[in-house]
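Encoded as structure tokens, the structure appears first; notes follow it.
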Amino acid sequence: MIDEAAALFDGFGRSPRVSIRRAVFAEAVAGVAMVDMGDSRFACDFGSGYVPRPGETVQILTVDDRHLLFPAKPLPGTGIVFTSGSGLVTVDTIAGRVQMPYIGTAPTSGDLVGISWSELPYCIGKLSVQPKAPDPIPDPGAGTVRSATFQAIDTGSTDRGAARWWQDQPWASNTTFGAWFYGTQIRDTIPASAAFVSLEFFVSWQQRQGDAPRFALHDQAVKGALPTFGGFAAWAPDNGWQIPSNAAGWFAALKAGGPSLGVGLNQGGFNKFSSRAQNAMTGALRISWRS
């Protein structure tokens with residue numbers, strides 16, 4: 001068998017010698033990458049448009065006597081903004097959370113942005129196409145897991161004693177009710193027989209002050225009448241996608257509709273959240289269910 005294999009390779013020409021190793025990028029000289037591996041420094045061709053920073057670990061693909069430099073880890077071209085401020089954005093990618101500067105107008109939490117990794121990672125800017133719900137994941141023997149993101153269609157704050165929607169930001173304070181409105185899209189999308197898998201709420205703060213906001217579900221599909229709340233729970237989440245303490249309860253109530261059509265703030269401290277004009281993702285609900 002060995003003789004037969006040798007004869008086969010001889011017929012097609014010998015197979016190339018291939019290896020993959022880690023090295024440390026030192027510098028670029030006349031378009032050639034110089035890398036250190038142990039006590040040796042040698043030249044490599046750039047295998048792609050990626051140019052690392054000096055001292056960065058890279059991956060070297062060697063084919064016979066030719067060396068090609070590639071990134072040592074995945075470098076996603078897009079990500080979702082987690083937070084933004086002080087000239088930097090924190091972006092969630094499939095390879096982890098990264099902080100970087102941005103070009104132009106600062107993107108906001110929830111924006112899908114482009115990322116350039118060459119030499120110095122930076123945020124290119126908000127993309128024209130924003131995230132969509134992932135495709136359903138087959139789950140043999142237990143139905144299909146489906147996911148959808150429900151964005152608020154309106155936001156605002158009203159006096160506690162009468163419907164006067166004077167403020168587009170949802171506020172939690174001693175004198176106001178705040179609310180995110182979704183129409184009937186959640187009830188109309190999720191079957192009554194669906195089983196809970198997960199629920200996340202997108203948080204976009206404008207001001208934190210005093211006691212924790214008191215979150216509750218309310219009975220209004222659109223902004224108009226004074227909302228009625230079904231109890232409340234004090235909760236002071238971070239920015240971005242967060243899991244409410246009673247996520248399964250929210251899921252059961254929202255899929256049924258009726259007295260639970262939206263998310264609201266039944267007083268609590270003096271806390272302010274973004275309006276839709278300030279962040280289109282404010283109050284979005286990312287829900288997965290099995291049916």
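Going by the structure tokens order, chains are called A, B, ..., each with residues numbered from 1, while ligands are numbered from 1 in the order shown.
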
**Prompt:** Out of stretch 247-284 of chain A, which residues get strand (DSSP E or B) from DSSP, as JSON, numbers by chain?
**Reply:** {"A": [262, 263, 264, 265, 266, 271, 272, 273]}

Produce a file of the selected residues containing C-alpha atoms, as a short mmCIF file (atom, residue, chain, number, x, y, z; two decimals), in the first residue's frame.
```
data_model
loop_
_atom_site.label_atom_id
_atom_site.label_comp_id
_atom_site.auth_asym_id
_atom_site.auth_seq_id
_atom_site.Cartn_x
_atom_site.Cartn_y
_atom_site.Cartn_z
CA GLY A 262 -46.70 46.83 26.64
CA VAL A 263 -43.90 47.57 29.09
CA GLY A 264 -44.13 50.51 31.45
CA LEU A 265 -42.69 52.34 34.44
CA ASN A 266 -44.90 52.54 37.50
CA ASN A 271 -35.10 57.85 35.92
CA LYS A 272 -35.29 58.63 32.21
CA PHE A 273 -35.04 56.32 29.19
#
```

Computed gap from atom CA of A:Thr108 to atom CA of A:Asn279 is 6.6 Å

DSSP on the backbone: what in stretch 5-145 of chain A comes out helix (DSSP H, G or I), as a list in words? Ala5, Ala6, Ala7, Leu8, Phe9, Asp10, Gly11 and Phe12 of chain A

| message | Quick one: residues within 12 Å of A:Ala106, only C-alpha atoms, excluding same-chain residues fewer than 6 positions away - as a PyMOL selection string? | response | chain A and resi 81+83-90+100+113+122-126+279

Would you list the contacts of stretch 282-286 of chain A as a PyMOL selection string, taking every protein, DNA or RNA residue within 9 Å and counting only C-alpha atoms, but skipping same-chain residues closer than 2 positions in sequence? chain A and resi 109-110+133+147-152+155+179-182+198-205+240-241+263+273-276+278-280+288

| query | Which residues come within 7 Å of stretch 191-194 of chain A, counting only C-alpha atoms, excluding same-chain residues fewer than 6 positions away, as a VMD selection string? | reply | chain A and resid 255 to 256 289 to 291

Please dump the current selection as a PDB file, in the first residue's frame; keep N, CA, C and O atoms.
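This went into again_4.pdb:
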```
ATOM      1  N   LYS A 255     -47.753  37.365  25.331  1.00  0.00           N
ATOM      2  CA  LYS A 255     -48.291  36.552  24.233  1.00  0.00           C
ATOM      3  C   LYS A 255     -49.810  36.441  24.331  1.00  0.00           C
ATOM      4  O   LYS A 255     -50.500  36.260  23.328  1.00  0.00           O
ATOM      5  N   ALA A 256     -50.353  36.558  25.560  1.00  0.00           N
ATOM      6  CA  ALA A 256     -51.802  36.506  25.756  1.00  0.00           C
ATOM      7  C   ALA A 256     -52.460  37.835  25.410  1.00  0.00           C
ATOM      8  O   ALA A 256     -53.633  37.884  25.027  1.00  0.00           O
ATOM      9  N   TRP A 289     -39.280  31.436  21.415  1.00  0.00           N
ATOM     10  CA  TRP A 289     -40.274  30.515  21.947  1.00  0.00           C
ATOM     11  C   TRP A 289     -40.240  29.206  21.168  1.00  0.00           C
ATOM     12  O   TRP A 289     -39.705  29.136  20.061  1.00  0.00           O
ATOM     13  N   ARG A 290     -40.818  28.183  21.731  1.00  0.00           N
ATOM     14  CA  ARG A 290     -40.891  26.873  21.086  1.00  0.00           C
ATOM     15  C   ARG A 290     -42.338  26.565  20.770  1.00  0.00           C
ATOM     16  O   ARG A 290     -43.206  26.694  21.625  1.00  0.00           O
ATOM     17  N   SER A 291     -42.592  26.147  19.511  1.00  0.00           N
ATOM     18  CA  SER A 291     -43.966  25.827  19.132  1.00  0.00           C
ATOM     19  C   SER A 291     -43.988  24.640  18.171  1.00  0.00           C
ATOM     20  O   SER A 291     -42.929  24.205  17.705  1.00  0.00           O
TER      21      SER A 291
END
```

- request: For A:Tyr50, list every protein, DNA or RNA residue within 8 Å, evaluated using only C-alpha atoms, and leave out those in the same chain fewer than 6 positions away; present the list as a list of chain:residue names.
  value: A:Phe70, A:Pro71, A:Trp117, A:Ser118, A:Glu119

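Of note, atom CA of A:Trp165 and atom CA of A:Ala221 are spaced 14.4 Å apart.
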
Just the residues within 10 Å of A:Gly231, please, counting only C-alpha atoms, with nothing from its chain fewer than 3 positions along; format it as a ChimeraX atom specification. /A:214-218,228,266

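Note that atom CA of A:Gln167 and atom CA of A:Gly258 are 25.4 Å apart.
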